[in-house]
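Printed here is upload-v1.pdb (PDB, C-alpha atoms and all ligand atoms):
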```
MODEL        1
ATOM      1  CA  MET A   1      82.644  95.881 108.548
ATOM      2  CA  ARG A   2      84.973  94.672 105.803
ATOM      3  CA  GLU A   3      83.954  95.864 102.358
ATOM      4  CA  PRO A   4      82.869  93.143  99.924
ATOM      5  CA  PRO A   5      85.158  92.137  97.051
ATOM      6  CA  VAL A   6      84.664  94.211  93.906
ATOM      7  CA  LEU A   7      83.537  91.150  91.991
ATOM      8  CA  ALA A   8      82.511  87.740  93.249
ATOM      9  CA  THR A   9      80.906  84.669  91.747
ATOM     10  CA  GLU A  10      79.286  82.020  93.883
ATOM     11  CA  ASP A  11      78.610  78.541  92.500
ATOM     12  CA  LEU A  12      78.349  80.134  89.072
ATOM     13  CA  THR A  13      77.184  77.504  86.593
ATOM     14  CA  ILE A  14      76.016  77.248  83.012
ATOM     15  CA  ARG A  15      74.851  74.187  81.175
ATOM     16  CA  PHE A  16      74.484  73.817  77.444
ATOM     17  CA  GLY A  17      72.191  70.825  77.122
ATOM     18  CA  GLY A  18      73.921  68.136  79.151
ATOM     19  CA  HIS A  19      77.322  69.849  79.042
ATOM     20  CA  VAL A  20      78.381  71.888  82.085
ATOM     21  CA  ALA A  21      80.648  74.574  80.595
ATOM     22  CA  VAL A  22      81.125  76.491  83.870
ATOM     23  CA  ASP A  23      80.718  74.350  86.935
ATOM     24  CA  ALA A  24      79.947  75.969  90.308
ATOM     25  CA  VAL A  25      82.792  78.493  90.166
ATOM     26  CA  THR A  26      83.183  80.404  93.433
ATOM     27  CA  CYS A  27      85.799  83.108  93.219
ATOM     28  CA  ALA A  28      86.297  86.672  94.509
ATOM     29  CA  PHE A  29      88.344  89.472  92.984
ATOM     30  CA  GLU A  30      89.712  92.266  95.164
ATOM     31  CA  ARG A  31      90.189  95.882  94.168
ATOM     32  CA  GLY A  32      93.589  96.713  92.732
ATOM     33  CA  THR A  33      94.484  93.184  91.630
ATOM     34  CA  LEU A  34      95.114  91.522  88.287
ATOM     35  CA  THR A  35      93.997  87.915  88.074
ATOM     36  CA  ALA A  36      94.882  85.678  85.148
ATOM     37  CA  ILE A  37      92.326  83.008  84.320
ATOM     38  CA  VAL A  38      93.979  80.092  82.600
ATOM     39  CA  GLY A  39      93.116  76.584  81.486
ATOM     40  CA  PRO A  40      93.234  74.331  78.440
ATOM     41  CA  ASN A  41      91.099  74.964  75.361
ATOM     42  CA  GLY A  42      87.440  74.482  76.164
ATOM     43  CA  ALA A  43      88.022  74.859  79.938
ATOM     44  CA  GLY A  44      85.272  77.474  80.219
ATOM     45  CA  LYS A  45      87.298  80.703  80.466
ATOM     46  CA  THR A  46      85.418  82.702  77.831
ATOM     47  CA  THR A  47      82.111  81.303  79.016
ATOM     48  CA  TYR A  48      82.973  82.451  82.560
ATOM     49  CA  PHE A  49      83.698  85.929  81.172
ATOM     50  CA  ASN A  50      80.372  85.862  79.323
ATOM     51  CA  LEU A  51      78.591  85.030  82.575
ATOM     52  CA  VAL A  52      80.317  87.876  84.417
ATOM     53  CA  SER A  53      79.707  90.461  81.698
ATOM     54  CA  GLY A  54      76.109  89.320  81.170
ATOM     55  CA  GLN A  55      76.406  87.995  77.603
ATOM     56  CA  LEU A  56      75.189  84.663  78.937
ATOM     57  CA  LYS A  57      72.638  83.960  81.655
ATOM     58  CA  ALA A  58      73.702  81.598  84.410
ATOM     59  CA  SER A  59      71.883  78.300  84.907
ATOM     60  CA  ALA A  60      72.676  78.613  88.626
ATOM     61  CA  GLY A  61      74.757  80.672  91.014
ATOM     62  CA  THR A  62      75.362  84.353  91.593
ATOM     63  CA  VAL A  63      77.466  87.246  90.298
ATOM     64  CA  ARG A  64      78.025  90.140  92.704
ATOM     65  CA  LEU A  65      79.518  93.552  92.069
ATOM     66  CA  ASN A  66      80.526  95.342  95.278
ATOM     67  CA  GLY A  67      78.192  92.990  97.097
ATOM     68  CA  GLU A  68      75.176  93.723  94.876
ATOM     69  CA  ASP A  69      73.578  90.734  93.173
ATOM     70  CA  ILE A  70      73.744  91.530  89.455
ATOM     71  CA  THR A  71      73.017  88.006  88.198
ATOM     72  CA  ARG A  72      69.756  88.989  86.577
ATOM     73  CA  LEU A  73      71.012  92.153  84.921
ATOM     74  CA  GLY A  74      71.796  92.352  81.217
ATOM     75  CA  VAL A  75      75.033  93.525  79.598
ATOM     76  CA  ALA A  76      74.081  97.224  79.456
ATOM     77  CA  ASP A  77      73.099  97.417  83.124
ATOM     78  CA  ARG A  78      76.265  95.626  84.213
ATOM     79  CA  CYS A  79      78.316  97.940  82.033
ATOM     80  CA  GLU A  80      76.673 100.980  83.634
ATOM     81  CA  ARG A  81      77.500  99.605  87.054
ATOM     82  CA  GLY A  82      81.172  99.263  86.162
ATOM     83  CA  ILE A  83      81.864  95.967  84.426
ATOM     84  CA  GLY A  84      83.942  96.647  81.329
ATOM     85  CA  ARG A  85      84.889  94.072  78.772
ATOM     86  CA  ALA A  86      87.641  94.995  76.357
ATOM     87  CA  PHE A  87      87.343  94.542  72.622
ATOM     88  CA  GLN A  88      83.646  93.760  72.668
ATOM     89  CA  LEU A  89      82.406  97.241  72.026
ATOM     90  CA  THR A  90      80.334  97.741  68.954
ATOM     91  CA  ASN A  91      79.789 101.424  69.590
ATOM     92  CA  LEU A  92      82.891 102.798  67.895
ATOM     93  CA  PHE A  93      82.011 105.479  65.373
ATOM     94  CA  PRO A  94      84.497 104.791  62.564
ATOM     95  CA  SER A  95      84.005 108.098  60.750
ATOM     96  CA  LEU A  96      84.563 110.252  63.850
ATOM     97  CA  SER A  97      87.864 111.176  65.439
ATOM     98  CA  VAL A  98      89.387 109.337  68.365
ATOM     99  CA  ARG A  99      88.549 112.205  70.725
ATOM    100  CA  GLU A 100      84.963 112.489  69.522
ATOM    101  CA  ASN A 101      84.410 108.812  70.219
ATOM    102  CA  VAL A 102      85.640 109.161  73.786
ATOM    103  CA  ARG A 103      83.734 112.414  74.304
ATOM    104  CA  LEU A 104      80.461 110.822  73.148
ATOM    105  CA  VAL A 105      80.874 107.930  75.548
ATOM    106  CA  ALA A 106      81.732 110.309  78.408
ATOM    107  CA  GLN A 107      78.681 112.374  77.479
ATOM    108  CA  SER A 108      76.306 109.421  77.451
ATOM    109  CA  ARG A 109      77.594 108.410  80.865
ATOM    110  CA  ALA A 110      77.293 111.935  82.255
ATOM    111  CA  ARG A 111      73.700 112.174  80.975
ATOM    112  CA  ARG A 112      72.808 109.035  82.814
ATOM    113  CA  GLY A 113      74.372 110.529  85.936
ATOM    114  CA  PHE A 114      76.517 107.550  86.793
ATOM    115  CA  ASP A 115      79.701 109.244  87.837
ATOM    116  CA  LEU A 116      81.362 112.194  89.445
ATOM    117  CA  PHE A 117      81.326 113.938  86.119
ATOM    118  CA  SER A 118      77.558 113.842  85.910
ATOM    119  CA  ARG A 119      77.297 117.577  86.366
ATOM    120  CA  ALA A 120      80.356 118.275  84.277
ATOM    121  CA  SER A 121      78.451 117.750  81.095
ATOM    122  CA  SER A 122      79.375 120.985  79.353
ATOM    123  CA  HIS A 123      81.229 120.534  76.109
ATOM    124  CA  VAL A 124      84.453 121.884  77.602
ATOM    125  CA  GLU A 125      84.308 119.567  80.604
ATOM    126  CA  LEU A 126      83.628 116.560  78.417
ATOM    127  CA  ILE A 127      86.539 117.397  76.144
ATOM    128  CA  LYS A 128      88.761 117.666  79.226
ATOM    129  CA  ARG A 129      87.534 114.305  80.411
ATOM    130  CA  ALA A 130      88.198 112.779  76.972
ATOM    131  CA  GLU A 131      91.720 114.254  76.939
ATOM    132  CA  HIS A 132      92.430 112.809  80.355
ATOM    133  CA  VAL A 133      91.341 109.323  79.274
ATOM    134  CA  LEU A 134      93.274 109.535  75.993
ATOM    135  CA  ALA A 135      96.415 110.512  77.895
ATOM    136  CA  GLU A 136      95.913 107.526  80.171
ATOM    137  CA  VAL A 137      95.864 105.071  77.262
ATOM    138  CA  ARG A 138      98.668 106.912  75.403
ATOM    139  CA  LEU A 139      96.458 107.990  72.522
ATOM    140  CA  ALA A 140      96.546 111.754  73.030
ATOM    141  CA  ASP A 141      98.706 112.299  69.955
ATOM    142  CA  LYS A 142      96.110 110.493  67.825
ATOM    143  CA  ARG A 143      93.156 112.512  69.140
ATOM    144  CA  ASP A 144      92.265 113.981  65.739
ATOM    145  CA  VAL A 145      92.708 110.818  63.701
ATOM    146  CA  THR A 146      89.575 109.260  62.231
ATOM    147  CA  VAL A 147      88.934 105.920  63.906
ATOM    148  CA  SER A 148      88.751 103.993  60.635
ATOM    149  CA  ALA A 149      92.313 105.137  59.871
ATOM    150  CA  LEU A 150      93.777 103.876  63.161
ATOM    151  CA  PRO A 151      96.115 100.891  63.158
ATOM    152  CA  HIS A 152      94.714  97.780  64.849
ATOM    153  CA  GLY A 153      96.720  98.278  68.075
ATOM    154  CA  ASP A 154      95.488 101.855  68.447
ATOM    155  CA  GLN A 155      91.876 100.774  67.897
ATOM    156  CA  ARG A 156      92.325  98.415  70.800
ATOM    157  CA  LYS A 157      93.733 101.223  72.925
ATOM    158  CA  LEU A 158      90.704 103.283  71.998
ATOM    159  CA  GLU A 159      88.410 100.492  73.088
ATOM    160  CA  VAL A 160      90.173 100.531  76.458
ATOM    161  CA  ALA A 161      89.732 104.318  76.535
ATOM    162  CA  LEU A 162      85.994 103.855  76.005
ATOM    163  CA  MET A 163      85.824 101.352  78.851
ATOM    164  CA  ILE A 164      87.512 103.874  81.118
ATOM    165  CA  ALA A 165      85.262 106.695  79.897
ATOM    166  CA  LEU A 166      82.309 104.457  80.690
ATOM    167  CA  GLY A 167      83.598 104.287  84.269
ATOM    168  CA  ALA A 168      84.588 100.621  84.357
ATOM    169  CA  GLN A 169      85.955  99.441  87.693
ATOM    170  CA  VAL A 170      86.298  95.836  86.521
ATOM    171  CA  LEU A 171      88.299  95.538  83.298
ATOM    172  CA  MET A 172      88.100  92.189  81.511
ATOM    173  CA  PHE A 173      90.557  91.225  78.787
ATOM    174  CA  ASP A 174      90.099  88.002  76.817
ATOM    175  CA  GLU A 175      93.409  87.202  75.122
ATOM    176  CA  PRO A 176      94.304  90.858  74.553
ATOM    177  CA  THR A 177      97.323  90.083  72.395
ATOM    178  CA  ALA A 178      95.581  87.622  70.070
ATOM    179  CA  GLY A 179      95.854  88.682  66.447
ATOM    180  CA  MET A 180      98.302  91.484  67.251
ATOM    181  CA  SER A 181     101.510  92.130  65.397
ATOM    182  CA  VAL A 182     104.858  91.675  67.135
ATOM    183  CA  ASP A 183     105.145  95.466  67.467
ATOM    184  CA  GLU A 184     101.676  95.877  68.968
ATOM    185  CA  VAL A 185     101.954  93.205  71.675
ATOM    186  CA  PRO A 186     104.285  95.123  74.043
ATOM    187  CA  VAL A 187     102.180  98.271  73.596
ATOM    188  CA  ILE A 188      98.973  96.631  74.787
ATOM    189  CA  LEU A 189     100.802  94.817  77.602
ATOM    190  CA  ASP A 190     102.310  98.112  78.786
ATOM    191  CA  LEU A 191      98.842  99.593  78.720
ATOM    192  CA  ILE A 192      97.436  96.805  80.886
ATOM    193  CA  ARG A 193     100.391  97.234  83.257
ATOM    194  CA  GLU A 194      99.623 100.943  83.563
ATOM    195  CA  LEU A 195      95.918 100.265  84.128
ATOM    196  CA  LYS A 196      96.905  97.871  86.867
ATOM    197  CA  ALA A 197      98.919 100.595  88.598
ATOM    198  CA  ASP A 198      95.606 102.351  89.335
ATOM    199  CA  LYS A 199      94.640 100.559  92.497
ATOM    200  CA  ASP A 200      90.953 101.400  92.091
ATOM    201  CA  ARG A 201      90.689  98.979  89.200
ATOM    202  CA  THR A 202      90.275  95.244  89.181
ATOM    203  CA  ILE A 203      91.554  93.405  86.141
ATOM    204  CA  LEU A 204      90.647  89.922  84.890
ATOM    205  CA  LEU A 205      92.750  88.506  82.100
ATOM    206  CA  VAL A 206      92.218  85.344  80.070
ATOM    207  CA  GLU A 207      95.554  84.497  78.541
ATOM    208  CA  HIS A 208      97.400  81.491  77.178
ATOM    209  CA  LYS A 209     100.871  82.982  76.986
ATOM    210  CA  MET A 210     102.773  82.103  80.136
ATOM    211  CA  ASP A 211     105.308  84.910  79.732
ATOM    212  CA  VAL A 212     102.468  87.439  79.683
ATOM    213  CA  ILE A 213     100.875  85.883  82.754
ATOM    214  CA  ARG A 214     104.162  85.820  84.628
ATOM    215  CA  THR A 215     104.832  89.503  84.094
ATOM    216  CA  LEU A 216     101.318  90.771  84.809
ATOM    217  CA  ALA A 217      99.381  88.536  87.175
ATOM    218  CA  ASP A 218      99.134  88.890  90.945
ATOM    219  CA  ARG A 219      97.156  85.699  91.062
ATOM    220  CA  ILE A 220      96.218  82.788  88.804
ATOM    221  CA  VAL A 221      92.891  80.995  88.725
ATOM    222  CA  VAL A 222      92.828  77.727  86.805
ATOM    223  CA  LEU A 223      89.705  76.341  85.188
ATOM    224  CA  HIS A 224      89.497  72.773  83.930
ATOM    225  CA  ASN A 225      86.355  71.186  82.524
ATOM    226  CA  GLY A 226      84.456  74.250  83.735
ATOM    227  CA  ALA A 227      85.536  73.893  87.357
ATOM    228  CA  LEU A 228      88.003  75.958  89.376
ATOM    229  CA  VAL A 229      90.890  73.605  90.133
ATOM    230  CA  ALA A 230      93.572  75.981  91.446
ATOM    231  CA  ASP A 231      93.706  79.541  92.740
ATOM    232  CA  GLY A 232      96.694  81.330  94.203
ATOM    233  CA  GLU A 233      99.950  83.180  93.831
ATOM    234  CA  PRO A 234     101.407  82.628  90.306
ATOM    235  CA  GLY A 235     104.602  80.739  91.207
ATOM    236  CA  GLU A 236     102.772  78.386  93.496
ATOM    237  CA  VAL A 237      99.934  77.699  91.036
ATOM    238  CA  MET A 238     102.306  77.141  88.120
ATOM    239  CA  ARG A 239     104.242  74.567  90.135
ATOM    240  CA  SER A 240     101.195  72.638  91.305
ATOM    241  CA  ALA A 241     100.758  69.153  89.889
ATOM    242  CA  ILE A 242      97.176  69.862  88.881
ATOM    243  CA  VAL A 243      98.274  72.736  86.663
ATOM    244  CA  GLN A 244     101.166  70.840  85.181
ATOM    245  CA  GLU A 245      98.716  68.109  84.253
ATOM    246  CA  ALA A 246      95.616  70.091  83.354
ATOM    247  CA  TYR A 247      97.160  73.092  81.700
ATOM    248  CA  LEU A 248     100.539  72.058  80.452
ATOM    249  CA  GLY A 249      99.388  68.557  79.539
ATOM    250  CA  LYS A 250     101.962  66.718  81.601
ATOM    251  CA  ALA A 251     101.206  63.822  83.903
ATOM    252  CA  PRO A 252     101.997  64.643  87.555
ATOM    253  CA  ASP A 253     104.995  62.272  87.550
ATOM    254  CA  ALA A 254     106.455  63.942  84.500
ATOM    255  CA  ALA A 255     105.737  67.332  86.058
ATOM    256  CA  ALA A 256     107.546  66.330  89.250
ATOM    257  CA  ALA A 257     110.476  65.079  87.191
ATOM    258  CA  THR A 258     110.559  68.375  85.274
ATOM    259  CA  GLU A 259     110.482  70.374  88.496
ATOM    260  CA  THR A 260     113.333  68.298  89.893
ATOM    261  CA  ALA A 261     115.270  68.629  86.671
ATOM    262  CA  HIS A 262     114.940  72.392  86.871
ATOM    263  CA  GLY A 263     115.546  72.545  90.604
TER     264      GLY A 263
HETATM  265  N1  LIG B 301      76.892  78.730  73.227
HETATM  266  C1  LIG B 301      77.393  77.513  73.457
HETATM  267  N2  LIG B 301      76.675  76.408  73.192
HETATM  268  C2  LIG B 301      77.152  75.175  73.445
HETATM  269  N3  LIG B 301      78.371  74.937  73.981
HETATM  270  C3  LIG B 301      79.146  75.992  74.264
HETATM  271  C4  LIG B 301      78.702  77.332  74.024
HETATM  272  N4  LIG B 301      79.696  78.189  74.428
HETATM  273  C5  LIG B 301      80.691  77.414  74.876
HETATM  274  N5  LIG B 301      80.374  76.105  74.788
HETATM  275  C6  LIG B 301      81.197  74.975  75.217
HETATM  276  O1  LIG B 301      81.621  75.250  76.536
HETATM  277  C7  LIG B 301      82.966  74.816  76.739
HETATM  278  C8  LIG B 301      83.807  75.964  77.226
HETATM  279  O2  LIG B 301      84.084  76.848  76.129
HETATM  280  P1  LIG B 301      84.916  78.187  76.300
HETATM  281  O3  LIG B 301      84.945  78.857  74.984
HETATM  282  O4  LIG B 301      84.413  78.947  77.454
HETATM  283  O5  LIG B 301      86.367  77.638  76.651
HETATM  284  P2  LIG B 301      87.739  78.436  76.778
HETATM  285  O6  LIG B 301      88.374  77.974  78.040
HETATM  286  O7  LIG B 301      87.503  79.888  76.642
HETATM  287  O8  LIG B 301      88.538  77.870  75.537
HETATM  288  P3  LIG B 301      89.619  78.569  74.569
HETATM  289  O9  LIG B 301      90.865  78.684  75.373
HETATM  290  O10 LIG B 301      89.740  77.577  73.465
HETATM  291  O11 LIG B 301      89.060  79.886  74.128
HETATM  292  C9  LIG B 301      83.425  74.214  75.425
HETATM  293  O12 LIG B 301      83.233  72.821  75.487
HETATM  294  C10 LIG B 301      82.498  74.856  74.407
HETATM  295  O13 LIG B 301      82.327  74.014  73.299
ENDMDL
END
```

Kindly return the structure encoded in the file as structure tokens.
Amino acid sequence: MREPPVLATEDLTIRFGGHVAVDAVTCAFERGTLTAIVGPNGAGKTTYFNLVSGQLKASAGTVRLNGEDITRLGVADRCERGIGRAFQLTNLFPSLSVRENVRLVAQSRARRGFDLFSRASSHVELIKRAEHVLAEVRLADKRDVTVSALPHGDQRKLEVALMIALGAQVLMFDEPTAGMSVDEVPVILDLIRELKADKDRTILLVEHKMDVIRTLADRIVVLHNGALVADGEPGEVMRSAIVQEAYLGKAPDAAAATETAHG
């Protein structure tokens, strides 16, 4: 039997009063893929993320992780099962070193017995695990730096390290380059590219910048007024009239003219 997608939403819906912010979104995400979720301001992208990560409770519909219905679980339970959301962690210890932060997260996970390292909970094993994760996010040379002294870009890398140490299989990034300096942007994009190379992970990315989407995404899902209006390979989705109109703000005729003009 074919294994279920890592993550799937079925008719996922949330209403705020009379406003439907996410409208019956059915979408599946396969292991080893990076999907960009795009759409105009207010389309429902962040709200969709909140429904997947558990920050918001759905009015209707289902969220499944590896086939398991997790719709009624809270953020912590979803996180333990492998849903990681970048830059939302409040559990950084600013006065401890980078490595201590990662070690503590690895330790809490090992105690709860959620991964292969559950028996490797000796101090030495946990340090090894922390070193491995820090190498993966290119922070090994900052291992002894106190978190509060880290530049913004490195704090973000550390947050990714914590997601990995927590055992996330689904990594969600909501505008990862927002608020970053020109120097930091390529660093975080390289990091996402490297995370994507690990085919066990499934990455969801909300992003406005088309150049970022073009270089990273295997697939684009377009939301508009809360509903999924396009889903497919990036080139094809970007060329579709609905995207030209909904996302780029051009009428279909103008979009067609632009396409013709550019061959
Ligand atoms: N807690 C809330 N209460 C009421 N309305 C909300 C709430 N959260 C979101 N909305 C509304 O839901 C709609 C979708 O918002 P959301 O932030 O998900 O859009 P978005 O696509 O992420 O936009 P942006 O690109 O600007 O971040 C908007 O109309 C927003 O005002």

Inset, instruction - Show me which residues sit within 7 Å of ligand LIG 301 (chain B) when counting all atoms listed in the file, and put them as a PyMOL selection string. - result: chain A and resi 16+21+39-48+226

Would you put the residues from that selection into a file with C-alpha atoms, as a PDB file, keeping the file's coordinate frame?
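See result22.pdb below for the written result:
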```
ATOM      1  CA  PHE A  16      74.484  73.817  77.444  1.00  0.00           C
ATOM      2  CA  ALA A  21      80.648  74.574  80.595  1.00  0.00           C
ATOM      3  CA  GLY A  39      93.116  76.584  81.486  1.00  0.00           C
ATOM      4  CA  PRO A  40      93.234  74.331  78.440  1.00  0.00           C
ATOM      5  CA  ASN A  41      91.099  74.964  75.361  1.00  0.00           C
ATOM      6  CA  GLY A  42      87.440  74.482  76.164  1.00  0.00           C
ATOM      7  CA  ALA A  43      88.022  74.859  79.938  1.00  0.00           C
ATOM      8  CA  GLY A  44      85.272  77.474  80.219  1.00  0.00           C
ATOM      9  CA  LYS A  45      87.298  80.703  80.466  1.00  0.00           C
ATOM     10  CA  THR A  46      85.418  82.702  77.831  1.00  0.00           C
ATOM     11  CA  THR A  47      82.111  81.303  79.016  1.00  0.00           C
ATOM     12  CA  TYR A  48      82.973  82.451  82.560  1.00  0.00           C
ATOM     13  CA  GLY A 226      84.456  74.250  83.735  1.00  0.00           C
TER      14      GLY A 226
END
```

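As for atom CA of Gln169 of chain A and atom CA of Val6 of chain A, they are spaced 8.2 Å apart.
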
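Atom CA of Leu166 of chain A to atom CA of Pro186 of chain A spans 24.8 Å [interatomic distance, one decimal].
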
Legend entry - Contact residues around Arg99 of chain A with only C-alpha atoms at 7 Å, ignoring same-chain residues under 5 positions, as a ChimeraX atom specification: /A:130,143-144

Inset, instruction - Please indicate the distance in Å from atom CA of Val20 of chain A to atom CA of Arg219 of chain A, rounded to one decimal place. - result: 25.0 Å

Inset, instruction - Evaluate the PyMOL selection byres (((chain A and resi 161) around 12) and not hetatm) here and jot the selected residues down as a count of residues only. - result: 46

Inset, instruction - Give me the result of the PyMOL selection byres (((chain A and resi 57-70) around 12) and not hetatm) on this file, residue by residue, as a PyMOL selection string. - result: chain A and resi 2-31+47-56+71-83+168-170+202

The PyMOL selection byres (((chain A and resi 203) around 8) and not hetatm) applied to the shown file, residues as a PDB file with C-alpha atoms, in the frame of the given file:
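As written to disk, part36.pdb reads:
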```pdb
ATOM      1  CA  GLY A  32      93.589  96.713  92.732  1.00  0.00           C
ATOM      2  CA  THR A  33      94.484  93.184  91.630  1.00  0.00           C
ATOM      3  CA  LEU A  34      95.114  91.522  88.287  1.00  0.00           C
ATOM      4  CA  THR A  35      93.997  87.915  88.074  1.00  0.00           C
ATOM      5  CA  VAL A 170      86.298  95.836  86.521  1.00  0.00           C
ATOM      6  CA  LEU A 171      88.299  95.538  83.298  1.00  0.00           C
ATOM      7  CA  MET A 172      88.100  92.189  81.511  1.00  0.00           C
ATOM      8  CA  PHE A 173      90.557  91.225  78.787  1.00  0.00           C
ATOM      9  CA  LYS A 196      96.905  97.871  86.867  1.00  0.00           C
ATOM     10  CA  ARG A 201      90.689  98.979  89.200  1.00  0.00           C
ATOM     11  CA  THR A 202      90.275  95.244  89.181  1.00  0.00           C
ATOM     12  CA  LEU A 204      90.647  89.922  84.890  1.00  0.00           C
ATOM     13  CA  LEU A 205      92.750  88.506  82.100  1.00  0.00           C
TER      14      LEU A 205
END
```

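Residue nearest Glu175 of chain A within the list A:Asp218, A:Asp231, A:Glu245, A:Glu207: A:Glu207 [criterion: smallest interatomic distance, only C-alpha atoms].
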
Hey, what's within 9 Å of His152 of chain A if we count all atoms listed in the file and toss same-chain stuff fewer than 6 positions away? As a CSV table (one decimal) with C-alpha atoms, keeping the file's coordinate frame, please?
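Final output, around.csv:
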```csv
chain,number,residue,atom,x,y,z
A,180,MET,CA,98.3,91.5,67.3
A,181,SER,CA,101.5,92.1,65.4
A,184,GLU,CA,101.7,95.9,69.0
```

Inset, instruction - Would you please work out which residue, of A:Lys209, A:Val243, A:Val237, A:Ser148, is nearest to His224 of chain A when using all atoms listed in the file? - result: A:Val243

Any chance you could work out the axis-aligned box around segment 208-224 of chain A, listed atoms only, 5 Å on each side, giving centre and edge lengths in Å to one decimal, as JSON?
```
{"center_x": 97.4, "center_y": 81.8, "center_z": 84.0, "size_x": 25.8, "size_y": 28.0, "size_z": 24.1}
```

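When only C-alpha atoms are used to compute distances to Arg214 of chain A, the closest of the residues A:Glu236, A:Val229, A:Leu150, A:Ala110 turns out to be A:Glu236.
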
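Comparing the minimum interatomic distances between Val145 of chain A and each of A:Ala178, A:Leu96, A:Val222, A:Val124, counting only C-alpha atoms, we find that A:Leu96 sits nearest.
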
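Candidate residues A:Val182, A:Val187, A:Ile127, A:Val221 were compared for distance to Gln107 of chain A, and the nearest is A:Ile127, using only C-alpha atoms.
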